[in-house]
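Source file: target03.cif. Holds: mmCIF, C-alpha atoms.
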data_upload
loop_
_atom_site.label_atom_id
_atom_site.label_comp_id
_atom_site.auth_asym_id
_atom_site.auth_seq_id
_atom_site.Cartn_x
_atom_site.Cartn_y
_atom_site.Cartn_z
CA MET A 759 -26.80 40.82 -36.68
CA THR A 760 -27.66 40.34 -40.28
CA MET A 761 -27.43 43.36 -42.53
CA THR A 762 -30.82 44.06 -43.98
CA ARG A 763 -31.44 46.50 -46.77
CA ARG A 764 -32.95 48.80 -44.16
CA HIS A 765 -29.80 48.76 -42.01
CA LEU A 766 -27.63 49.38 -45.03
CA LEU A 767 -29.72 52.40 -46.07
CA ILE A 768 -29.39 53.89 -42.61
CA LEU A 769 -25.70 53.10 -42.24
CA LEU A 770 -24.48 54.32 -45.63
CA PRO A 771 -25.15 58.03 -45.18
CA ALA A 772 -23.95 57.83 -41.56
CA ALA A 773 -20.69 56.28 -42.71
CA ALA A 774 -20.34 58.95 -45.40
CA VAL A 775 -20.73 61.71 -42.83
CA ALA A 776 -18.21 60.04 -40.53
CA TRP A 777 -15.73 59.69 -43.40
CA LYS A 778 -15.94 63.45 -44.11
CA TYR A 779 -14.67 64.13 -40.60
CA VAL A 780 -11.95 61.50 -40.86
CA GLU A 781 -10.79 63.08 -44.11
CA ALA A 782 -10.65 66.54 -42.56
CA GLY A 783 -7.92 65.51 -40.13
CA THR A 784 -6.13 67.99 -37.90
CA PRO A 785 -5.04 71.25 -39.55
CA GLU A 786 -1.33 71.90 -39.49
CA ASP A 787 -0.29 74.47 -36.92
CA ALA A 788 2.21 77.21 -37.70
CA PRO A 789 5.65 76.07 -36.58
CA ASN A 790 7.11 77.79 -33.51
CA TYR A 791 4.04 79.94 -33.00
CA GLN A 792 1.55 78.93 -30.34
CA MET A 793 -1.63 80.97 -30.44
CA THR A 794 -2.44 80.16 -26.84
CA GLU A 795 0.80 81.78 -25.64
CA HIS A 796 -0.09 85.28 -26.83
CA TRP A 797 -2.67 87.95 -26.17
CA TRP A 798 -1.89 90.85 -28.46
CA SER A 799 -2.52 94.50 -27.76
CA MET A 800 -1.03 97.86 -28.65
CA LEU A 801 0.24 100.84 -26.73
CA ILE A 802 -0.12 104.33 -28.21
CA ASP A 803 1.88 107.05 -26.53
CA ILE A 804 0.13 110.29 -27.52
CA PRO A 805 2.83 112.73 -26.27
CA LYS A 806 5.27 111.04 -28.66
CA CYS A 807 3.12 111.28 -31.81
CA ILE A 808 4.24 114.02 -34.23
CA GLY A 809 1.57 113.43 -36.88
CA CYS A 810 4.01 112.50 -39.67
CA GLY A 811 1.64 109.90 -41.14
CA ASN A 812 4.35 107.23 -41.46
CA CYS A 813 2.09 104.64 -39.82
CA VAL A 814 -0.79 105.33 -42.22
CA ARG A 815 1.45 105.00 -45.28
CA ALA A 816 3.20 101.91 -43.93
CA CYS A 817 -0.13 100.24 -43.18
CA ALA A 818 -1.43 101.00 -46.68
CA THR A 819 1.74 99.54 -48.23
CA GLU A 820 1.89 96.44 -46.04
CA ASN A 821 -1.77 95.55 -46.35
CA ASP A 822 -2.71 96.91 -49.79
CA VAL A 823 -5.30 99.20 -48.21
CA PRO A 824 -7.30 100.79 -51.05
CA GLU A 825 -6.97 104.53 -51.67
CA GLY A 826 -9.36 106.51 -49.49
CA TYR A 827 -9.81 103.69 -46.93
CA PHE A 828 -7.88 103.32 -43.71
CA ARG A 829 -7.00 100.53 -41.31
CA THR A 830 -5.21 103.11 -39.21
CA TRP A 831 -5.40 106.87 -39.39
CA VAL A 832 -4.26 109.87 -37.37
CA GLU A 833 -6.52 112.63 -36.06
CA ARG A 834 -5.31 116.02 -34.92
CA TYR A 835 -7.20 117.55 -32.04
CA HIS A 836 -7.27 121.23 -31.25
CA VAL A 837 -8.84 121.89 -27.88
CA SER A 838 -9.34 125.55 -27.02
CA ASP A 839 -9.50 126.84 -23.48
CA TRP A 840 -13.04 128.00 -24.14
CA HIS A 841 -14.43 124.83 -25.70
CA MET A 842 -12.89 121.93 -23.83
CA THR A 843 -15.63 119.49 -24.79
CA THR A 844 -15.97 120.50 -28.44
CA PRO A 845 -12.52 120.00 -29.93
CA GLU A 846 -11.73 120.78 -33.54
CA VAL A 847 -10.63 117.49 -35.14
CA ILE A 848 -9.00 117.15 -38.55
CA SER A 849 -7.63 114.13 -40.38
CA PRO A 850 -6.83 115.11 -43.99
CA ASP A 851 -6.62 111.87 -46.01
CA GLY A 852 -6.30 110.01 -42.72
CA GLY A 853 -3.15 112.00 -41.94
CA LYS A 854 -1.41 109.96 -44.64
CA GLU A 855 0.65 112.92 -45.88
CA GLY A 856 0.94 114.65 -42.54
CA PHE A 857 -0.95 117.71 -41.35
CA PRO A 858 -1.04 121.38 -42.30
CA VAL A 859 1.24 123.54 -40.18
CA ALA A 860 -0.54 124.84 -37.10
CA LYS A 861 0.24 128.43 -36.16
CA GLU A 862 0.76 129.22 -32.50
CA ASP A 863 -2.74 129.54 -31.17
CA GLU A 864 -4.60 129.41 -27.91
CA GLY A 865 -5.47 126.00 -26.54
CA LYS A 866 -3.62 122.78 -27.17
CA TYR A 867 -2.95 120.42 -30.03
CA PHE A 868 -2.25 116.72 -30.03
CA PHE A 869 -2.37 113.79 -32.43
CA VAL A 870 -4.39 110.64 -31.84
CA PRO A 871 -3.51 107.63 -33.99
CA LYS A 872 -6.54 105.37 -34.36
CA MET A 873 -6.94 101.78 -35.41
CA CYS A 874 -8.88 98.64 -34.55
CA ASN A 875 -8.92 98.32 -30.76
CA GLN A 876 -8.74 94.50 -30.96
CA CYS A 877 -11.61 94.26 -28.48
CA ALA A 878 -11.76 91.14 -26.37
CA ASP A 879 -15.58 91.42 -26.22
CA SER A 880 -15.92 92.79 -29.68
CA PRO A 881 -19.30 94.14 -30.85
CA CYS A 882 -18.32 93.56 -34.49
CA THR A 883 -17.83 89.80 -34.11
CA GLN A 884 -21.11 89.41 -32.23
CA VAL A 885 -23.25 90.73 -35.07
CA CYS A 886 -21.72 88.69 -37.88
CA PRO A 887 -24.50 86.40 -39.17
CA VAL A 888 -22.17 83.82 -40.72
CA GLY A 889 -19.16 83.60 -38.40
CA ALA A 890 -16.83 85.37 -40.82
CA THR A 891 -15.27 87.65 -38.21
CA PHE A 892 -13.94 86.51 -34.89
CA VAL A 893 -11.47 87.06 -32.09
CA SER A 894 -8.57 84.69 -32.68
CA PRO A 895 -7.24 82.63 -29.74
CA ASP A 896 -4.35 85.12 -29.48
CA GLY A 897 -6.67 88.11 -29.20
CA VAL A 898 -6.74 89.61 -32.70
CA VAL A 899 -10.03 90.48 -34.39
CA LEU A 900 -9.84 89.02 -37.89
CA VAL A 901 -12.07 88.73 -40.96
CA ASP A 902 -12.36 85.50 -42.96
CA GLN A 903 -12.69 87.12 -46.36
CA LYS A 904 -13.62 83.84 -48.05
CA TYR A 905 -16.60 83.49 -45.72
CA CYS A 906 -17.73 87.12 -45.44
CA LEU A 907 -20.94 88.02 -47.27
CA GLY A 908 -20.26 91.76 -47.24
CA CYS A 909 -23.49 92.58 -45.40
CA GLY A 910 -21.78 95.37 -43.50
CA TYR A 911 -23.32 94.65 -40.08
CA CYS A 912 -19.88 94.65 -38.47
CA VAL A 913 -19.01 97.96 -40.13
CA GLN A 914 -22.01 99.50 -38.43
CA ALA A 915 -21.43 97.71 -35.12
CA CYS A 916 -17.86 98.90 -34.59
CA PRO A 917 -18.08 101.81 -32.13
CA TYR A 918 -14.69 103.08 -33.31
CA GLY A 919 -15.38 103.18 -37.06
CA CYS A 920 -12.45 100.88 -37.73
CA ARG A 921 -14.01 98.71 -40.43
CA TYR A 922 -14.91 99.30 -44.07
CA LEU A 923 -16.25 97.32 -46.98
CA HIS A 924 -13.46 96.70 -49.45
CA PRO A 925 -14.41 98.51 -52.67
CA THR A 926 -13.35 95.70 -55.03
CA LYS A 927 -13.50 92.56 -52.86
CA HIS A 928 -16.91 93.61 -51.44
CA VAL A 929 -16.12 92.06 -48.07
CA ALA A 930 -15.39 93.58 -44.67
CA ASP A 931 -11.80 94.65 -44.18
CA LYS A 932 -9.97 95.94 -41.13
CA CYS A 933 -6.71 96.11 -39.23
CA THR A 934 -5.36 92.59 -38.62
CA LEU A 935 -2.71 93.90 -36.21
CA CYS A 936 -0.42 92.72 -39.04
CA TYR A 937 -1.25 89.16 -38.06
CA HIS A 938 0.99 87.86 -40.87
CA ARG A 939 3.90 89.73 -39.25
CA ILE A 940 3.35 89.22 -35.53
CA THR A 941 3.03 85.45 -35.99
CA LYS A 942 6.49 85.52 -37.59
CA GLY A 943 8.09 87.44 -34.72
CA LEU A 944 8.00 90.82 -36.47
CA THR A 945 6.25 93.91 -35.18
CA THR A 946 3.39 95.55 -37.06
CA ALA A 947 4.09 97.74 -40.10
CA CYS A 948 2.86 100.86 -38.27
CA CYS A 949 5.16 100.20 -35.31
CA GLU A 950 8.07 99.43 -37.61
CA ALA A 951 7.58 102.72 -39.45
CA CYS A 952 6.84 104.95 -36.46
CA PRO A 953 9.92 107.19 -36.07
CA THR A 954 9.23 108.25 -32.47
CA GLY A 955 8.11 104.99 -30.89
CA ALA A 956 4.62 106.36 -30.31
CA ARG A 957 3.18 102.94 -31.18
CA LYS A 958 4.28 99.72 -29.58
CA LEU A 959 2.98 96.24 -30.17
CA ALA A 960 2.50 94.46 -26.85
CA ASP A 961 1.85 90.89 -25.81
CA LEU A 962 -0.10 90.83 -22.56
CA LYS A 963 0.57 87.12 -22.02
CA ASN A 964 4.33 87.62 -22.18
CA PRO A 965 5.48 88.40 -18.62
CA ASN A 966 8.69 90.00 -19.97
CA ASP A 967 6.89 92.44 -22.24
CA PRO A 968 7.63 96.06 -21.18
CA ILE A 969 3.88 96.78 -21.48
CA HIS A 970 3.36 95.51 -17.93
CA GLU A 971 5.80 98.02 -16.42
CA PHE A 972 4.35 100.76 -18.60
CA LEU A 973 0.75 100.05 -17.58
CA LYS A 974 1.74 100.06 -13.90
CA ALA A 975 3.58 103.37 -14.11
CA HIS A 976 1.28 105.42 -16.36
CA ALA A 977 -2.27 106.72 -16.43
CA VAL A 978 -3.49 104.76 -19.43
CA GLN A 979 -6.94 104.74 -21.02
CA VAL A 980 -8.82 102.91 -23.74
CA LEU A 981 -11.27 104.57 -26.11
CA LYS A 982 -14.97 104.48 -25.13
CA PRO A 983 -14.50 102.36 -21.98
CA GLN A 984 -18.21 102.85 -21.21
CA MET A 985 -19.01 100.51 -24.11
CA ALA A 986 -17.32 97.59 -22.32
CA THR A 987 -15.75 96.30 -25.51
CA GLY A 988 -12.62 95.05 -23.77
CA ALA A 989 -10.52 97.30 -26.02
CA LYS A 990 -6.82 96.37 -26.01
CA VAL A 991 -5.33 99.47 -27.62
CA PHE A 992 -4.03 101.44 -24.66
CA TYR A 993 -3.55 105.20 -24.92
CA ASN A 994 -1.07 107.01 -22.74
CA GLY A 995 -1.76 110.71 -22.20
CA LEU A 996 -5.22 110.59 -23.77
CA ASP A 997 -7.13 113.84 -23.39
CA GLY A 998 -10.70 113.72 -22.11
CA SER A 999 -11.95 115.46 -25.25
CA VAL A 1000 -11.09 112.47 -27.44
CA ARG A 1001 -14.09 110.47 -28.56
CA MET B 1253 -66.95 52.37 -29.70
CA ILE B 1254 -64.55 53.50 -27.01
CA PRO B 1255 -62.74 50.42 -25.63
CA THR B 1256 -63.27 49.81 -21.98
CA GLY B 1257 -60.38 49.58 -19.53
CA GLU B 1258 -60.56 45.83 -19.64
CA ALA B 1259 -60.24 45.71 -23.43
CA VAL B 1260 -57.15 47.94 -23.37
CA ARG B 1261 -55.50 45.81 -20.71
CA ARG B 1262 -56.04 42.63 -22.71
CA ARG B 1263 -54.09 43.95 -25.76
CA SER B 1264 -50.41 42.93 -25.92
CA PRO B 1265 -47.86 45.71 -26.68
CA MET B 1266 -47.33 44.35 -30.19
CA SER B 1267 -50.98 44.29 -31.05
CA SER B 1268 -51.32 47.94 -30.04
CA LEU B 1269 -48.69 48.78 -32.70
CA LYS B 1270 -50.46 46.69 -35.32
CA ASP B 1271 -52.00 49.66 -37.07
CA ALA B 1272 -49.08 52.04 -36.46
CA GLY B 1273 -47.06 51.14 -39.58
CA HIS B 1274 -47.67 54.54 -41.10
CA LEU B 1275 -46.05 56.15 -38.04
CA PHE B 1276 -42.94 54.02 -38.44
CA ARG B 1277 -42.68 54.96 -42.09
CA PHE B 1278 -42.95 58.59 -41.10
CA ALA B 1279 -40.31 58.20 -38.40
CA GLY B 1280 -38.09 56.42 -40.92
CA LEU B 1281 -38.54 59.33 -43.30
CA PHE B 1282 -37.43 61.69 -40.54
CA VAL B 1283 -34.34 59.61 -39.87
CA VAL B 1284 -33.43 59.53 -43.56
CA ALA B 1285 -34.06 63.28 -43.91
CA PHE B 1286 -31.85 63.92 -40.87
CA LEU B 1287 -29.05 61.84 -42.32
CA VAL B 1288 -29.38 63.63 -45.67
CA PHE B 1289 -29.18 66.90 -43.75
CA LEU B 1290 -26.02 65.73 -41.99
CA LEU B 1291 -24.55 64.62 -45.30
CA ILE B 1292 -25.21 67.98 -46.97
CA ARG B 1293 -23.97 69.78 -43.88
CA GLY B 1294 -20.79 67.72 -43.94
CA TYR B 1295 -20.13 68.96 -47.47
CA VAL B 1296 -21.08 72.62 -47.19
CA VAL B 1297 -19.66 73.46 -43.76
CA PRO B 1298 -15.90 74.05 -44.11
CA LYS B 1299 -13.75 71.36 -42.53
CA THR B 1300 -12.20 73.62 -39.91
CA PHE B 1301 -15.38 75.48 -38.97
CA GLY B 1302 -15.74 75.29 -35.20
CA GLN B 1303 -12.13 74.28 -34.59
CA TYR B 1304 -11.55 77.25 -32.25
CA GLY B 1305 -14.98 78.85 -32.19
CA HIS B 1306 -17.87 79.79 -34.45
CA TYR B 1307 -15.63 80.48 -37.44
CA ARG B 1308 -13.40 78.74 -39.97
CA GLY B 1309 -10.19 77.84 -38.14
CA ALA B 1310 -8.20 77.67 -41.38
CA ALA B 1311 -8.84 81.40 -41.92
CA ILE B 1312 -6.27 82.16 -39.22
CA GLY B 1313 -3.56 80.33 -41.15
CA GLU B 1314 -4.59 82.00 -44.40
CA ILE B 1315 -4.32 85.46 -42.86
CA ALA B 1316 -0.99 84.58 -41.25
CA ALA B 1317 0.33 83.49 -44.65
CA ARG B 1318 -0.04 86.91 -46.25
CA GLN B 1319 3.05 88.50 -47.75
CA VAL B 1320 5.33 90.60 -45.53
CA LYS B 1321 6.42 93.88 -47.18
CA PHE B 1322 8.43 95.54 -44.40
CA ALA B 1323 11.47 93.37 -43.66
CA GLY B 1324 12.02 94.75 -40.14
CA HIS B 1325 15.13 96.57 -38.92
CA GLU B 1326 16.81 93.42 -37.57
CA THR B 1327 16.87 92.03 -41.10
CA CYS B 1328 18.38 95.27 -42.48
CA GLU B 1329 21.02 95.38 -39.78
CA GLY B 1330 22.11 91.84 -40.66
CA CYS B 1331 23.81 93.22 -43.81
CA HIS B 1332 24.07 96.98 -43.22
CA SER B 1333 25.83 96.79 -39.86
CA ASP B 1334 27.94 99.89 -40.65
CA ILE B 1335 24.81 102.02 -40.95
CA ALA B 1336 23.39 100.43 -37.81
CA ASP B 1337 26.56 101.43 -35.93
CA THR B 1338 26.30 105.01 -37.15
CA LYS B 1339 22.66 105.14 -36.16
CA THR B 1340 23.13 103.89 -32.61
CA LYS B 1341 25.42 106.88 -31.87
CA GLY B 1342 22.84 109.48 -32.88
CA LYS B 1343 19.39 110.79 -32.17
CA HIS B 1344 17.90 108.59 -34.89
CA ALA B 1345 18.94 105.39 -33.10
CA HIS B 1346 15.34 104.34 -32.66
CA VAL B 1347 14.11 105.39 -36.09
CA ASN B 1348 13.86 102.11 -37.96
CA CYS B 1349 15.40 101.79 -41.42
CA GLU B 1350 12.12 101.37 -43.26
CA ALA B 1351 10.57 104.39 -41.56
CA CYS B 1352 12.53 106.45 -44.11
CA HIS B 1353 13.56 103.96 -46.80
CA GLY B 1354 10.15 102.35 -47.22
CA ALA B 1355 9.08 98.70 -47.37
CA LEU B 1356 12.04 96.61 -48.50
CA ALA B 1357 11.25 92.96 -47.80
CA MET B 1358 11.79 92.27 -51.52
CA HIS B 1359 15.27 93.78 -51.32
CA ALA B 1360 16.01 91.79 -48.16
CA ALA B 1361 14.92 88.53 -49.78
CA ASP B 1362 17.07 89.14 -52.87
CA PRO B 1363 19.24 92.31 -52.84
CA THR B 1364 19.79 92.12 -56.59
CA SER B 1365 16.06 92.00 -57.36
CA MET B 1366 15.47 95.62 -56.43
CA THR B 1367 17.62 98.58 -55.49
CA PRO B 1368 16.02 100.95 -52.99
CA VAL B 1369 15.67 104.53 -54.18
CA LYS B 1370 17.34 107.02 -51.87
CA PRO B 1371 14.75 109.30 -50.34
CA ASP B 1372 14.88 113.03 -51.07
CA THR B 1373 15.91 114.54 -47.76
CA ALA B 1374 14.23 117.87 -48.52
CA VAL B 1375 10.88 116.04 -48.48
CA LEU B 1376 11.65 113.22 -46.07
CA CYS B 1377 13.11 115.22 -43.19
CA ALA B 1378 10.49 117.94 -43.51
CA ARG B 1379 7.70 115.44 -42.90
CA CYS B 1380 8.76 115.07 -39.31
CA HIS B 1381 10.79 118.19 -38.59
CA THR B 1382 8.72 121.02 -40.12
CA ALA B 1383 7.78 123.31 -37.27
CA SER B 1384 4.14 123.20 -36.22
CA ALA B 1385 2.43 124.33 -33.05
CA ALA B 1386 0.62 120.98 -33.09
CA LYS B 1387 3.77 118.95 -32.50
CA PRO B 1388 5.13 118.13 -29.05
CA LYS B 1389 7.29 121.05 -27.88
CA ALA B 1390 10.32 118.86 -27.10
CA PHE B 1391 10.46 117.48 -30.64
CA PRO B 1392 13.16 119.20 -32.78
CA GLN B 1393 11.43 121.38 -35.38
CA VAL B 1394 12.61 123.88 -37.97
CA ASP B 1395 11.11 126.10 -40.62
CA PRO B 1396 12.90 124.56 -43.66
CA PRO B 1397 13.19 127.68 -45.92
CA ASP B 1398 14.43 129.70 -42.96
CA HIS B 1399 16.70 126.92 -41.66
CA SER B 1400 18.49 125.84 -44.83
CA GLY B 1401 17.29 128.15 -47.59
CA GLY B 1402 16.04 125.17 -49.59
CA ALA B 1403 19.32 123.21 -49.54
CA PRO B 1404 18.91 119.46 -49.05
CA CYS B 1405 19.28 118.52 -45.38
CA GLN B 1406 22.17 116.13 -45.99
CA THR B 1407 24.36 119.07 -47.05
CA CYS B 1408 24.96 119.59 -43.33
CA HIS B 1409 23.38 116.56 -41.60
CA ASN B 1410 23.96 112.85 -41.90
CA PRO B 1411 20.44 111.42 -41.74
CA HIS B 1412 21.76 108.35 -39.89
CA ASN B 1413 23.32 110.53 -37.17
CA PRO B 1414 21.86 113.98 -37.63
CA ALA B 1415 23.71 115.97 -34.95
CA PHE B 1416 25.30 119.01 -36.66
CA ASP B 1417 28.77 118.32 -35.24
CA ALA B 1418 28.61 114.71 -36.47
CA GLY B 1419 29.19 116.17 -39.94
CA PRO B 1420 27.33 115.66 -43.19
CA ALA B 1421 26.79 112.31 -44.84
CA ALA B 1422 29.69 110.78 -46.73
CA ALA B 1423 29.32 110.71 -50.49
CA PRO B 1424 26.01 108.98 -51.12
CA ALA B 1425 26.70 105.28 -51.38
CA ALA B 1426 25.50 103.47 -54.45
CA GLY B 1427 22.28 101.64 -53.69
CA GLY B 1428 22.59 98.01 -52.72
CA THR B 1429 26.15 98.20 -51.36
CA LYS B 1430 26.94 97.61 -47.73
#
Can the structure in the file be given as structure tokens, please?
Amino acid sequence: MTMTRRHLLILLPAAAVAWKYVEAGTPEDAPNYQMTEHWWSMLIDIPKCIGCGNCVRACATENDVPEGYFRTWVERYHVSDWHMTTPEVISPDGGKEGFPVAKEDEGKYFFVPKMCNQCADSPCTQVCPVGATFVSPDGVVLVDQKYCLGCGYCVQACPYGCRYLHPTKHVADKCTLCYHRITKGLTTACCEACPTGARKLADLKNPNDPIHEFLKAHAVQVLKPQMATGAKVFYNGLDGSVR
Amino acid sequence: MIPTGEAVRRRSPMSSLKDAGHLFRFAGLFVVAFLVFLLIRGYVVPKTFGQYGHYRGAAIGEIAARQVKFAGHETCEGCHSDIADTKTKGKHAHVNCEACHGALAMHAADPTSMTPVKPDTAVLCARCHTASAAKPKAFPQVDPPDHSGGAPCQTCHNPHNPAFDAGPAAAPAAGGTK
């Protein structure tokens, strides 16, 4: 076939496009860490939480969380015998510096640490108009801050209120389940700092992870199961009054 | 005049395209526009977009590359094995080093670069052990002024093994030593 000017004009841009993909190549994978071998989750053992706020402070330090914003926070519930469905909930500065002393009172108290539930069918990733937030192949909901427009749709879509717009970067920010730590074999900052073991990072794809025994032996719940988000933060001993 | 069936049948395929040159030019324009679109798309869409899903695959690596600030207790125990031994004997066996001493990955990477500041036990211990009706009943709690009269906790307790009969802490070690 002879190359006419017409053929050349058609082929040149096509070749240019093809070359872009050749140039891109295959991205280098992290050594020793296979995303497909993990499915991360977290276990929160409410009877063990003492409301010290170590997790909130550790998270802020590890992830440079701006003052007044929280990737994890602790709520204190006070459920009286007379108002089981209308608990009194406080979380002064996210529980960062602990909680005021509670005097002996009627009803019960308990602490509920909250964070991103790392939903498998996450509402926040579905609403993103540009594909800047996503569930990673190992089950962590992440934000691509270079790609995020800061429209805030995901902040509104999260049923758990776990996202915020970063005040200086003007992009969505949230708990990454310390992705930079768990991919290196470390636990999350909140788990590392928790003095009572109330938080435990768990890998559902690892058959030797103690999470499996724990889930079999305990009555465990997720938050807002009616929303079918596929939440992967499991709460042991969660009271029915928690929303 | 509308051509009869016979007239249409007599025309060869080529002759029916005789006056369709403007359509070919238009189709050619479409092809060129499509290729230009592909070219622009090739430049503006990030290389790794779509690698794992509808997002930039390279973002995962970028997030994983962020700086670690908490070294993790295994790292601490690599050097401070004496403290680790003391801890395993006591009630604080499962309290990780950085739960009290703070994020020390910088110290772990280069011990001379920073010396951790010893926490003030009067503040540190009270964070967890101040009595409150909100805390789980089994958790050890005290009213600090009533319990110690304001004296620092380490007067009587070794924070690494806090049982009263385990004795107080030895003379505070200089920071950075084993």
For this session: Skip segment 1338-1353 of chain B itself and residues of its chain fewer than 4 positions away, then list as a list in words all residues within 9 Å of it, counting only C-alpha atoms.
Result: Asn812, Cys813, Ala816, Glu950, Ala951, Cys952, Pro953, Thr954 and Gly955 of chain A; Phe1322, Ala1323, Gly1324, His1325, Cys1328, Glu1329, Ser1333, Asp1334, Pro1368, Val1369, Lys1370, Pro1371, Leu1376, Cys1377, Pro1411, His1412, Asn1413, Pro1414, Ala1415 and Ala1418 of chain B
For this session: Carefully work through the PyMOL selection byres ((chain A) within 6 of (chain B)) for this structure and note down the residues it includes, as a list in words.
Result: Val775, Ala782, Ile808, Cys810, Glu820, Val859, Ala860, Lys861, Glu862, Tyr867, Phe868, Gly889, Asp902, Tyr937, His938, Ala951 and Pro953 of chain A
Problem set entry | Glu846 of chain A surroundings by all atoms listed in the file, 12 Å radius, close-in-sequence under 5 positions cut, as a list in words |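 Here the answer would be Glu833, Arg834, Tyr835, His836, Val837, Ser838, Asp839, Trp840, His841, Gly865, Lys866, Tyr867, Phe868, Phe869, Ser999, Val1000 and Arg1001 of chain A.
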Problem set entry | d(atom CA of Asn994 of chain A, atom CA of Tyr918 of chain A) in Å |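 Interatomic distance, atom CA of Asn994 of chain A to atom CA of Tyr918 of chain A: 17.7 Å.
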For this session: Counting all atoms listed in the file, note down every residue that has an atom within 12 Å of the point (8.6, 102.7, -20.3) (file coordinates), as a ChimeraX atom specification.
Result: /A:801-803,955-956,958,967-976,994
Exercise. So how many Å separate atom CA of Ala890 of chain A and atom CA of Cys906 of chain A, to one decimal?
Worked result: 5.0 Å
For this session: Name the residues that the PyMOL selection byres ((chain A and resi 872) around 9) pulls out of this structure, and write them as JSON, numbers by chain.
Result: {"A": [802, 829, 830, 831, 832, 833, 870, 871, 873, 874, 875, 918, 920]}
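In this structure, atom CA of Asp851 of chain A sits 25.3 Å away from atom CA of Lys990 of chain A.
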